[in-house]
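Student: Please find structure-v3.cif (mmCIF, C-alpha atoms; chains and numbers go by the auth columns) on the next line:
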```
data_structure
loop_
_atom_site.group_PDB
_atom_site.id
_atom_site.type_symbol
_atom_site.label_atom_id
_atom_site.label_comp_id
_atom_site.label_asym_id
_atom_site.label_seq_id
_atom_site.Cartn_x
_atom_site.Cartn_y
_atom_site.Cartn_z
_atom_site.B_iso_or_equiv
_atom_site.auth_seq_id
_atom_site.auth_asym_id
ATOM 1 C CA MET A 1 59.269 -26.614 -54.542 0.00 86 E
ATOM 2 C CA PRO A 2 55.919 -24.983 -55.426 0.00 87 E
ATOM 3 C CA THR A 3 54.024 -26.722 -58.192 0.00 88 E
ATOM 4 C CA SER A 4 54.093 -25.080 -61.626 0.00 89 E
ATOM 5 C CA VAL A 5 50.526 -26.190 -62.416 0.00 90 E
ATOM 6 C CA CYS A 6 47.516 -24.518 -60.813 0.00 91 E
ATOM 7 C CA ASN A 7 43.867 -25.502 -60.943 0.00 92 E
ATOM 8 C CA LYS A 8 42.471 -23.189 -58.263 0.00 93 E
ATOM 9 C CA THR A 9 42.434 -19.404 -57.790 0.00 94 E
ATOM 10 C CA VAL A 10 42.812 -17.200 -54.735 0.00 95 E
ATOM 11 C CA TYR A 11 42.465 -13.410 -54.700 0.00 96 E
ATOM 12 C CA LEU A 12 45.040 -11.872 -52.358 0.00 97 E
ATOM 13 C CA THR A 13 44.034 -8.396 -51.139 0.00 98 E
ATOM 14 C CA PHE A 14 45.573 -5.787 -48.831 0.00 99 E
ATOM 15 C CA ASP A 15 44.069 -2.765 -47.082 0.00 100 E
ATOM 16 C CA THR A 16 46.411 0.144 -46.395 0.00 101 E
ATOM 17 C CA GLY A 17 46.640 0.129 -42.593 0.00 102 E
ATOM 18 C CA ASN A 18 49.708 1.826 -41.119 0.00 103 E
ATOM 19 C CA MET A 19 52.011 0.780 -43.999 0.00 104 E
ATOM 20 C CA ALA A 20 54.723 -0.570 -41.662 0.00 105 E
ATOM 21 C CA MET A 21 54.951 -3.798 -43.701 0.00 106 E
ATOM 22 C CA ALA A 22 54.322 -2.162 -47.096 0.00 107 E
ATOM 23 C CA GLU A 23 57.848 -2.549 -48.478 0.00 108 E
ATOM 24 C CA THR A 24 58.179 -6.077 -47.081 0.00 109 E
ATOM 25 C CA ILE A 25 54.910 -7.148 -48.695 0.00 110 E
ATOM 26 C CA ALA A 26 55.814 -5.570 -52.032 0.00 111 E
ATOM 27 C CA ALA A 27 59.159 -7.390 -52.025 0.00 112 E
ATOM 28 C CA ILE A 28 57.506 -10.734 -51.243 0.00 113 E
ATOM 29 C CA LEU A 29 54.945 -10.298 -54.024 0.00 114 E
ATOM 30 C CA GLN A 30 57.698 -9.422 -56.487 0.00 115 E
ATOM 31 C CA ARG A 31 59.878 -12.334 -55.436 0.00 116 E
ATOM 32 C CA GLN A 32 56.966 -14.757 -55.679 0.00 117 E
ATOM 33 C CA GLN A 33 55.664 -13.241 -58.953 0.00 118 E
ATOM 34 C CA VAL A 34 52.231 -12.835 -57.382 0.00 119 E
ATOM 35 C CA GLN A 35 49.796 -10.040 -58.156 0.00 120 E
ATOM 36 C CA ALA A 36 47.334 -8.702 -55.599 0.00 121 E
ATOM 37 C CA THR A 37 44.590 -6.114 -55.176 0.00 122 E
ATOM 38 C CA PHE A 38 45.123 -3.148 -52.849 0.00 123 E
ATOM 39 C CA PHE A 39 42.304 -1.146 -51.229 0.00 124 E
ATOM 40 C CA VAL A 40 43.669 2.329 -50.641 0.00 125 E
ATOM 41 C CA ALA A 41 42.813 4.985 -48.036 0.00 126 E
ATOM 42 C CA ASN A 42 44.805 7.990 -46.860 0.00 127 E
ATOM 43 C CA GLU A 43 45.749 6.462 -43.513 0.00 128 E
ATOM 44 C CA LYS A 44 48.348 7.655 -41.021 0.00 129 E
ATOM 45 C CA THR A 45 51.471 5.534 -41.320 0.00 130 E
ATOM 46 C CA SER A 46 54.016 4.212 -38.844 0.00 131 E
ATOM 47 C CA ARG A 47 56.522 6.808 -40.033 0.00 132 E
ATOM 48 C CA GLY A 48 54.190 9.736 -39.274 0.00 133 E
ATOM 49 C CA ASP A 49 53.018 10.711 -42.738 0.00 134 E
ATOM 50 C CA PHE A 50 49.938 9.534 -44.673 0.00 135 E
ATOM 51 C CA SER A 51 49.699 6.743 -47.199 0.00 136 E
ATOM 52 C CA LEU A 52 48.720 9.022 -50.109 0.00 137 E
ATOM 53 C CA ASP A 53 51.313 11.693 -49.391 0.00 138 E
ATOM 54 C CA ASP A 54 53.924 12.464 -52.042 0.00 139 E
ATOM 55 C CA SER A 55 56.407 10.524 -49.903 0.00 140 E
ATOM 56 C CA TRP A 56 54.628 7.307 -50.976 0.00 141 E
ATOM 57 C CA ARG A 57 54.529 8.174 -54.689 0.00 142 E
ATOM 58 C CA SER A 58 57.333 5.806 -55.737 0.00 143 E
ATOM 59 C CA TYR A 59 55.840 2.948 -53.716 0.00 144 E
ATOM 60 C CA TRP A 60 52.439 3.146 -55.430 0.00 145 E
ATOM 61 C CA GLN A 61 54.063 3.694 -58.815 0.00 146 E
ATOM 62 C CA LYS A 62 56.124 0.510 -58.468 0.00 147 E
ATOM 63 C CA LEU A 63 53.057 -1.515 -57.499 0.00 148 E
ATOM 64 C CA ALA A 64 51.079 -0.104 -60.409 0.00 149 E
ATOM 65 C CA GLN A 65 53.908 -0.863 -62.839 0.00 150 E
ATOM 66 C CA ALA A 66 54.035 -4.438 -61.518 0.00 151 E
ATOM 67 C CA GLY A 67 50.439 -5.008 -62.638 0.00 152 E
ATOM 68 C CA HIS A 68 48.642 -5.029 -59.296 0.00 153 E
ATOM 69 C CA HIS A 69 45.045 -3.766 -59.059 0.00 154 E
ATOM 70 C CA PHE A 70 43.719 -1.017 -56.789 0.00 155 E
ATOM 71 C CA GLY A 71 40.348 -0.100 -55.287 0.00 156 E
ATOM 72 C CA SER A 72 39.017 2.569 -52.956 0.00 157 E
ATOM 73 C CA HIS A 73 39.004 2.104 -49.175 0.00 158 E
ATOM 74 C CA THR A 74 37.424 5.590 -48.754 0.00 159 E
ATOM 75 C CA TYR A 75 39.807 8.527 -48.519 0.00 160 E
ATOM 76 C CA ASP A 76 39.457 9.255 -44.791 0.00 161 E
ATOM 77 C CA HIS A 77 38.790 5.609 -43.817 0.00 162 E
ATOM 78 C CA LEU A 78 35.072 5.983 -43.111 0.00 163 E
ATOM 79 C CA TYR A 79 33.551 3.493 -40.678 0.00 164 E
ATOM 80 C CA PHE A 80 29.906 2.584 -41.248 0.00 165 E
ATOM 81 C CA GLN A 81 27.741 3.340 -38.199 0.00 166 E
ATOM 82 C CA GLY A 82 24.222 2.702 -39.462 0.00 167 E
ATOM 83 C CA ASP A 83 21.441 3.504 -41.877 0.00 168 E
ATOM 84 C CA GLY A 84 19.406 6.675 -41.473 0.00 169 E
ATOM 85 C CA LYS A 85 16.425 8.078 -43.300 0.00 170 E
ATOM 86 C CA ALA A 86 15.909 6.899 -46.875 0.00 171 E
ATOM 87 C CA GLY A 87 19.020 7.355 -48.974 0.00 172 E
ATOM 88 C CA PHE A 88 21.407 8.182 -46.108 0.00 173 E
ATOM 89 C CA VAL A 89 23.999 6.272 -44.097 0.00 174 E
ATOM 90 C CA ARG A 90 26.047 7.412 -41.117 0.00 175 E
ATOM 91 C CA LEU A 91 29.835 7.153 -41.499 0.00 176 E
ATOM 92 C CA LYS A 92 32.646 8.214 -39.161 0.00 177 E
ATOM 93 C CA PRO A 93 36.001 9.282 -40.651 0.00 178 E
ATOM 94 C CA GLN A 94 39.076 7.971 -38.873 0.00 179 E
ATOM 95 C CA PHE A 95 41.308 10.624 -40.450 0.00 180 E
ATOM 96 C CA GLY A 96 40.985 14.054 -42.028 0.00 181 E
ATOM 97 C CA ALA A 97 39.416 17.304 -40.836 0.00 182 E
ATOM 98 C CA ASP A 98 36.329 15.553 -39.428 0.00 183 E
ATOM 99 C CA ALA A 99 38.114 12.614 -37.792 0.00 184 E
ATOM 100 C CA GLY A 100 35.984 10.961 -35.107 0.00 185 E
ATOM 101 C CA ILE A 101 32.791 12.791 -36.052 0.00 186 E
ATOM 102 C CA GLY A 102 29.899 10.756 -37.438 0.00 187 E
ATOM 103 C CA LYS A 103 28.177 12.360 -40.435 0.00 188 E
ATOM 104 C CA TRP A 104 25.288 11.554 -42.752 0.00 189 E
ATOM 105 C CA TYR A 105 26.180 10.648 -46.331 0.00 190 E
ATOM 106 C CA ASP A 106 23.908 10.298 -49.334 0.00 191 E
ATOM 107 C CA ALA A 107 25.010 8.757 -52.641 0.00 192 E
ATOM 108 C CA PRO A 108 26.750 11.899 -53.999 0.00 193 E
ATOM 109 C CA ALA A 109 28.694 12.414 -50.751 0.00 194 E
ATOM 110 C CA LEU A 110 29.746 8.764 -50.544 0.00 195 E
ATOM 111 C CA CYS A 111 30.698 8.706 -54.208 0.00 196 E
ATOM 112 C CA ALA A 112 32.812 11.841 -53.771 0.00 197 E
ATOM 113 C CA GLU A 113 34.709 10.112 -50.973 0.00 198 E
ATOM 114 C CA LEU A 114 35.299 6.998 -53.064 0.00 199 E
ATOM 115 C CA LYS A 115 36.350 9.018 -56.110 0.00 200 E
ATOM 116 C CA ARG A 116 38.639 11.210 -54.015 0.00 201 E
ATOM 117 C CA VAL A 117 40.937 8.209 -53.631 0.00 202 E
ATOM 118 C CA ASP A 118 40.848 7.654 -57.388 0.00 203 E
ATOM 119 C CA GLY A 119 41.809 11.266 -58.087 0.00 204 E
ATOM 120 C CA ARG A 120 44.723 11.239 -55.689 0.00 205 E
ATOM 121 C CA PHE A 121 45.919 7.819 -56.847 0.00 206 E
ATOM 122 C CA HIS A 122 45.876 9.059 -60.437 0.00 207 E
ATOM 123 C CA ASP A 123 47.899 12.110 -59.374 0.00 208 E
ATOM 124 C CA LEU A 124 50.517 9.789 -57.844 0.00 209 E
ATOM 125 C CA THR A 125 50.661 7.060 -60.462 0.00 210 E
ATOM 126 C CA GLY A 126 48.907 8.182 -63.641 0.00 211 E
ATOM 127 C CA ARG A 127 46.555 5.243 -63.177 0.00 212 E
ATOM 128 C CA HIS A 128 42.912 5.067 -62.117 0.00 213 E
ATOM 129 C CA LEU A 129 41.420 2.631 -59.625 0.00 214 E
ATOM 130 C CA GLU A 130 39.345 -0.346 -60.605 0.00 215 E
ATOM 131 C CA PRO A 131 35.638 0.469 -59.938 0.00 216 E
ATOM 132 C CA ILE A 132 35.695 -1.516 -56.685 0.00 217 E
ATOM 133 C CA TRP A 133 35.859 -0.590 -53.012 0.00 218 E
ATOM 134 C CA ARG A 134 36.027 -2.097 -49.546 0.00 219 E
ATOM 135 C CA ALA A 135 34.406 -0.608 -46.460 0.00 220 E
ATOM 136 C CA PRO A 136 36.813 -0.117 -43.535 0.00 221 E
ATOM 137 C CA GLY A 137 36.430 -2.939 -41.042 0.00 222 E
ATOM 138 C CA GLY A 138 34.183 -4.741 -43.528 0.00 223 E
ATOM 139 C CA ARG A 139 31.207 -2.941 -41.966 0.00 224 E
ATOM 140 C CA THR A 140 28.389 -2.494 -44.464 0.00 225 E
ATOM 141 C CA SER A 141 24.659 -2.542 -45.009 0.00 226 E
ATOM 142 C CA ALA A 142 22.638 -3.274 -48.134 0.00 227 E
ATOM 143 C CA ARG A 143 21.953 0.458 -48.397 0.00 228 E
ATOM 144 C CA LEU A 144 25.617 1.440 -48.149 0.00 229 E
ATOM 145 C CA ILE A 145 26.541 -1.026 -50.888 0.00 230 E
ATOM 146 C CA ALA A 146 23.670 0.213 -53.063 0.00 231 E
ATOM 147 C CA LEU A 147 24.664 3.870 -52.649 0.00 232 E
ATOM 148 C CA ALA A 148 28.186 3.129 -53.846 0.00 233 E
ATOM 149 C CA GLU A 149 26.837 1.162 -56.795 0.00 234 E
ATOM 150 C CA GLN A 150 25.055 4.324 -57.964 0.00 235 E
ATOM 151 C CA CYS A 151 28.452 5.701 -58.994 0.00 236 E
ATOM 152 C CA GLY A 152 29.762 2.406 -60.320 0.00 237 E
ATOM 153 C CA PHE A 153 31.721 1.096 -57.312 0.00 238 E
ATOM 154 C CA GLN A 154 31.112 -2.527 -56.374 0.00 239 E
ATOM 155 C CA HIS A 155 31.877 -3.644 -52.844 0.00 240 E
ATOM 156 C CA ILE A 156 34.483 -6.371 -52.304 0.00 241 E
ATOM 157 C CA ALA A 157 34.489 -8.096 -48.929 0.00 242 E
ATOM 158 C CA TRP A 158 36.546 -11.186 -48.084 0.00 243 E
ATOM 159 C CA SER A 159 35.891 -14.872 -47.599 0.00 244 E
ATOM 160 C CA ARG A 160 35.574 -16.411 -44.155 0.00 245 E
ATOM 161 C CA ALA A 161 38.683 -18.535 -44.675 0.00 246 E
ATOM 162 C CA GLY A 162 40.432 -15.568 -46.287 0.00 247 E
ATOM 163 C CA PHE A 163 40.557 -13.516 -43.099 0.00 248 E
ATOM 164 C CA LEU A 164 44.316 -13.789 -42.514 0.00 249 E
ATOM 165 C CA GLY A 165 44.196 -12.473 -38.935 0.00 250 E
ATOM 166 C CA ASP A 166 46.980 -9.908 -39.008 0.00 251 E
ATOM 167 C CA GLU A 167 44.904 -7.582 -36.812 0.00 252 E
ATOM 168 C CA LEU A 168 44.343 -10.183 -34.079 0.00 253 E
ATOM 169 C CA ASP A 169 46.132 -10.339 -30.738 0.00 254 E
ATOM 170 C CA SER A 170 49.565 -11.936 -31.172 0.00 255 E
ATOM 171 C CA ALA A 171 49.451 -13.788 -27.863 0.00 256 E
ATOM 172 C CA ARG A 172 46.164 -15.537 -28.666 0.00 257 E
ATOM 173 C CA PHE A 173 46.764 -15.935 -32.397 0.00 258 E
ATOM 174 C CA PRO A 174 50.505 -16.358 -33.034 0.00 259 E
ATOM 175 C CA ASN A 175 51.838 -16.306 -36.569 0.00 260 E
ATOM 176 C CA ALA A 176 52.305 -20.073 -36.712 0.00 261 E
ATOM 177 C CA VAL A 177 48.611 -20.616 -35.970 0.00 262 E
ATOM 178 C CA LEU A 178 47.487 -18.056 -38.553 0.00 263 E
ATOM 179 C CA LEU A 179 49.742 -19.600 -41.188 0.00 264 E
ATOM 180 C CA GLU A 180 48.488 -23.113 -40.535 0.00 265 E
ATOM 181 C CA GLN A 181 44.819 -22.079 -40.602 0.00 266 E
ATOM 182 C CA ALA A 182 45.052 -20.109 -43.835 0.00 267 E
ATOM 183 C CA SER A 183 47.203 -22.719 -45.571 0.00 268 E
ATOM 184 C CA ARG A 184 44.632 -25.406 -44.737 0.00 269 E
ATOM 185 C CA ASN A 185 41.311 -23.561 -45.060 0.00 270 E
ATOM 186 C CA ILE A 186 41.535 -21.309 -48.120 0.00 271 E
ATOM 187 C CA GLN A 187 39.533 -22.755 -51.016 0.00 272 E
ATOM 188 C CA ASP A 188 39.141 -22.098 -54.736 0.00 273 E
ATOM 189 C CA GLY A 189 37.742 -18.615 -55.401 0.00 274 E
ATOM 190 C CA ASP A 190 38.360 -17.255 -51.900 0.00 275 E
ATOM 191 C CA ILE A 191 39.270 -13.608 -51.332 0.00 276 E
ATOM 192 C CA ALA A 192 42.026 -13.243 -48.737 0.00 277 E
ATOM 193 C CA MET A 193 42.571 -10.047 -46.732 0.00 278 E
ATOM 194 C CA ALA A 194 45.413 -8.559 -44.712 0.00 279 E
ATOM 195 C CA HIS A 195 46.914 -5.088 -44.206 0.00 280 E
ATOM 196 C CA LEU A 196 50.079 -3.305 -45.241 0.00 281 E
ATOM 197 C CA GLY A 197 50.681 -2.839 -41.525 0.00 282 E
ATOM 198 C CA ILE A 198 48.483 -2.884 -38.448 0.00 283 E
ATOM 199 C CA TRP A 199 48.738 -0.918 -35.203 0.00 284 E
ATOM 200 C CA SER A 200 47.173 -3.538 -32.944 0.00 285 E
ATOM 201 C CA ARG A 201 49.490 -6.493 -33.595 0.00 286 E
ATOM 202 C CA LYS A 202 52.799 -6.798 -31.709 0.00 287 E
ATOM 203 C CA GLU A 203 54.178 -9.801 -33.624 0.00 288 E
ATOM 204 C CA ALA A 204 54.945 -8.745 -37.208 0.00 289 E
ATOM 205 C CA TRP A 205 52.643 -10.771 -39.471 0.00 290 E
ATOM 206 C CA ALA A 206 53.985 -10.325 -42.985 0.00 291 E
ATOM 207 C CA PRO A 207 57.580 -11.608 -42.661 0.00 292 E
ATOM 208 C CA ALA A 208 56.512 -14.804 -40.906 0.00 293 E
ATOM 209 C CA VAL A 209 53.225 -15.616 -42.650 0.00 294 E
ATOM 210 C CA LEU A 210 52.857 -14.136 -46.129 0.00 295 E
ATOM 211 C CA GLU A 211 55.663 -15.830 -48.034 0.00 296 E
ATOM 212 C CA PRO A 212 55.230 -19.316 -46.541 0.00 297 E
ATOM 213 C CA LEU A 213 51.467 -18.976 -47.098 0.00 298 E
ATOM 214 C CA ILE A 214 52.034 -18.226 -50.772 0.00 299 E
ATOM 215 C CA ASP A 215 54.384 -21.214 -51.010 0.00 300 E
ATOM 216 C CA ASN A 216 51.875 -23.484 -49.270 0.00 301 E
ATOM 217 C CA LEU A 217 49.010 -22.406 -51.507 0.00 302 E
ATOM 218 C CA LYS A 218 51.109 -22.884 -54.621 0.00 303 E
ATOM 219 C CA GLN A 219 51.833 -26.398 -53.391 0.00 304 E
ATOM 220 C CA ARG A 220 48.065 -26.941 -53.177 0.00 305 E
ATOM 221 C CA GLY A 221 47.677 -25.880 -56.811 0.00 306 E
ATOM 222 C CA PHE A 222 46.594 -22.266 -56.398 0.00 307 E
ATOM 223 C CA CYS A 223 47.178 -19.388 -58.792 0.00 308 E
ATOM 224 C CA PHE A 224 46.975 -15.814 -57.496 0.00 309 E
ATOM 225 C CA ALA A 225 44.808 -13.337 -59.403 0.00 310 E
ATOM 226 C CA THR A 226 43.811 -9.700 -59.175 0.00 311 E
ATOM 227 C CA LEU A 227 40.155 -9.019 -58.541 0.00 312 E
ATOM 228 C CA PRO A 228 37.905 -8.518 -61.549 0.00 313 E
ATOM 229 C CA VAL A 229 34.767 -6.438 -61.332 0.00 314 E
ATOM 230 C CA MET A 230 32.103 -8.837 -60.148 0.00 315 E
ATOM 231 C CA THR A 231 28.411 -8.507 -59.441 0.00 316 E
ATOM 232 C CA ALA A 232 27.541 -7.944 -55.797 0.00 317 E
ATOM 233 C CA LYS A 233 25.737 -11.302 -55.647 0.00 318 E
ATOM 234 C CA SER A 234 28.952 -13.128 -56.501 0.00 319 E
ATOM 235 C CA LEU A 235 30.935 -11.623 -53.636 0.00 320 E
ATOM 236 C CA PRO A 236 31.442 -13.376 -50.304 0.00 321 E
ATOM 237 C CA LEU A 237 30.335 -11.288 -47.349 0.00 322 E
ATOM 238 C CA LYS A 238 32.210 -10.889 -44.097 0.00 323 E
ATOM 239 C CA PRO A 239 30.480 -13.099 -41.497 0.00 324 E
#
```
Spit out the file's structure as structure tokens when you get a sec.

Tutor:
Amino acid sequence: MPTSVCNKTVYLTFDTGNMAMAETIAAILQRQQVQATFFVANEKTSRGDFSLDDSWRSYWQKLAQAGHHFGSHTYDHLYFQGDGKAGFVRLKPQFGADAGIGKWYDAPALCAELKRVDGRFHDLTGRHLEPIWRAPGGRTSARLIALAEQCGFQHIAWSRAGFLGDELDSARFPNAVLLEQASRNIQDGDIAMAHLGIWSRKEAWAPAVLEPLIDNLKQRGFCFATLPVMTAKSLPLKP
């Protein structure tokens, strides 16, 4: 049985992805009485709609009512491509009207994209995001992070040991291996990251890994916490 006493903390986080495991993950978190932080983008889902469509309203409402935290993952899932002239970064939307087209963003344009998620999430749930965000793919630069900070959004990456591997090839990284690595390597204060569903993985990650991982970490004395707003210097960066 999991220990009832904890002396370490782990921050469990999820990016939207294709949402195929969204209901499974929500049920596991509820059953385990664990709260997490979700980074939300309007991504295409495995059922053909988008993750911020009205069809997902009840899902986000239930998570919000359960006390989970939420940050921006950029509305159209913008991938960082590089810095440009002073004050500009190049980002490529994965979805939306300009999908696949790299564009230059200054601070106001980036902030509008981050806040667009907040506006839509508030429409769906009546709740605003925490002033935090995560860049798709973890791709950043010092300038990109600084531009977002101009409108109050702090970037949250993940810890090296917290990369849970749900986007890796199933044949090379089977669930049993991912579970063993995370159960052993996660340390106090680590930020863990997975998705609510991922297109690239054939072996479903969440049913086989998430709940036993939570059990294993509880056995090691971990509590699970939502992410507070932290200074950029305190955040682990993706290697």

Student: How far is it from atom CA of E:Asp275 to atom CA of E:Tyr96, in Å with one decimal?

Tutor: 6.3 Å

Student: Here is a test: counting only C-alpha atoms, which residue of E:Phe238, E:Trp243, E:Phe155, E:Phe180 is nearest to E:His207?

Tutor: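 Of E:Phe238, E:Trp243, E:Phe155, E:Phe180, the one nearest E:His207, counting only C-alpha atoms, is E:Phe155.
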
Student: Tell me which residues the PyMOL selection byres ((chain E and resi 219) around 6) grabs here, as a short mmCIF file (atom, residue, chain, number, x, y, z; two decimals) with C-alpha atoms, in the frame of the given file.

Tutor:
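Final output, result.cif:
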```
data_model
loop_
_atom_site.label_atom_id
_atom_site.label_comp_id
_atom_site.auth_asym_id
_atom_site.auth_seq_id
_atom_site.Cartn_x
_atom_site.Cartn_y
_atom_site.Cartn_z
CA HIS E 158 39.00 2.10 -49.18
CA TRP E 218 35.86 -0.59 -53.01
CA ALA E 220 34.41 -0.61 -46.46
CA HIS E 240 31.88 -3.64 -52.84
CA ILE E 241 34.48 -6.37 -52.30
#
```

Student: Determine, counting all atoms listed in the file, which protein, DNA and RNA residues have an atom within 9 Å of an atom of E:Pro193; residues of the same chain fewer than 5 positions away are not included. Present the result as a list in words.

Tutor: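 Residues near the query, excluding close chain neighbours: Glu198, Leu232, Ala233, Gln235 and Cys236 of chain E.
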
Student: Atom CA of E:Ala291 and atom CA of E:Thr225 are how many Å apart?

Tutor: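 Atom-to-atom, atom CA of E:Ala291 and atom CA of E:Thr225 are spaced 26.8 Å apart.
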
Student: What does the distance between atom CA of E:Ala182 and atom CA of E:Leu137 come to in Å, to one decimal place?

Tutor: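 Interatomic distance here is 15.5 Å.
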
Student: I need the output of the PyMOL selection byres ((chain E and resi 187) around 6) for this file as an mmCIF file with C-alpha atoms, in the coordinates of the input; which residues are they?

Tutor:
```cif
data_model
loop_
_atom_site.group_PDB
_atom_site.id
_atom_site.type_symbol
_atom_site.label_atom_id
_atom_site.label_comp_id
_atom_site.auth_asym_id
_atom_site.auth_seq_id
_atom_site.Cartn_x
_atom_site.Cartn_y
_atom_site.Cartn_z
ATOM 1 C CA LEU E 176 29.835 7.153 -41.499
ATOM 2 C CA LYS E 177 32.646 8.214 -39.161
ATOM 3 C CA ILE E 186 32.791 12.791 -36.052
ATOM 4 C CA LYS E 188 28.177 12.360 -40.435
#
```

Student: Determine the residue membership of the PyMOL selection byres ((chain E and resi 248) around 9) for the file above and supply it as a list of chain:residue names.

Tutor: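 After applying the PyMOL selection byres ((chain E and resi 248) around 9), what remains is E:Trp243, E:Ser244, E:Arg245, E:Ala246, E:Gly247, E:Leu249, E:Gly250, E:Asp251, E:Ala267, E:Ile276, E:Ala277, E:Met278, E:Ala279, E:Lys323.
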
Student: Using all atoms listed in the file, give me every residue within 7 Å of (46.4, -24.1, -54.9) in file coordinates, as a ChimeraX atom specification.

Tutor: /E:91-94,302-308

Student: Just the residues within 12 Å of E:Ala112, please, counting all atoms listed in the file, with nothing from its chain fewer than 6 positions along; format it as a PyMOL selection string.

Tutor: chain E and resi 106+118-120+144+147-148+151+291-292+295-296

Student: Restricting the calculation to all atoms listed in the file, which member of E:Leu281, E:Arg269, E:Ala256, E:Ile113 is positioned closest to E:Phe99?

Tutor: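 The closest residue to E:Phe99 is E:Leu281.
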
Student: E:Gln115, E:Tyr164, E:Ala105, E:Ala310: which is nearest E:Lys287, counting all atoms listed in the file?

Tutor: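 The shortest atom-to-atom distance to E:Lys287 comes from E:Ala105.
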
Student: Calculate, to one decimal in Å, the centre and edge lengths of the box along x, y and z of the file that holds all listed atoms of stretch 298-305 of chain E with 4 Å of margin on each side, and present them as lines of an AutoDock Vina configuration file.

Tutor:
```
center_x = 51.2
center_y = -22.6
center_z = -50.9
size_x = 14.3
size_y = 16.7
size_z = 15.5
```

Student: I need the residue nearest E:Ser131 from this list: E:Asn301, E:Ser143, E:Asn103, E:Gln272. Use only C-alpha atoms for the distance.

Tutor: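 Using only C-alpha atoms, E:Ser131 sits closest to E:Asn103.
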
Student: From the options E:Lys170, E:Arg228, E:His280, E:Arg175, which residue's atoms come nearest to E:Ile110, counting only C-alpha atoms?

Tutor: E:His280

Student: So, counting only C-alpha atoms, which residue among E:Thr311, E:Gln166, E:Gln239, E:Ser157 is closest to E:Asp203?

Tutor: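 Looking only at the distances to E:Asp203, the closest residue turns out to be E:Ser157.
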
Student: I want to know what sits within 12 Å of E:Ala171, based on only C-alpha atoms, with residues of the same chain fewer than 4 positions away left out; could you give that as a list in words?

Tutor: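 So, after excluding close chain neighbours, the residues are Gly167, Arg175, Trp189, Tyr190, Asp191, Ala192, Arg228, Leu229, Ala231 and Leu232 of chain E.
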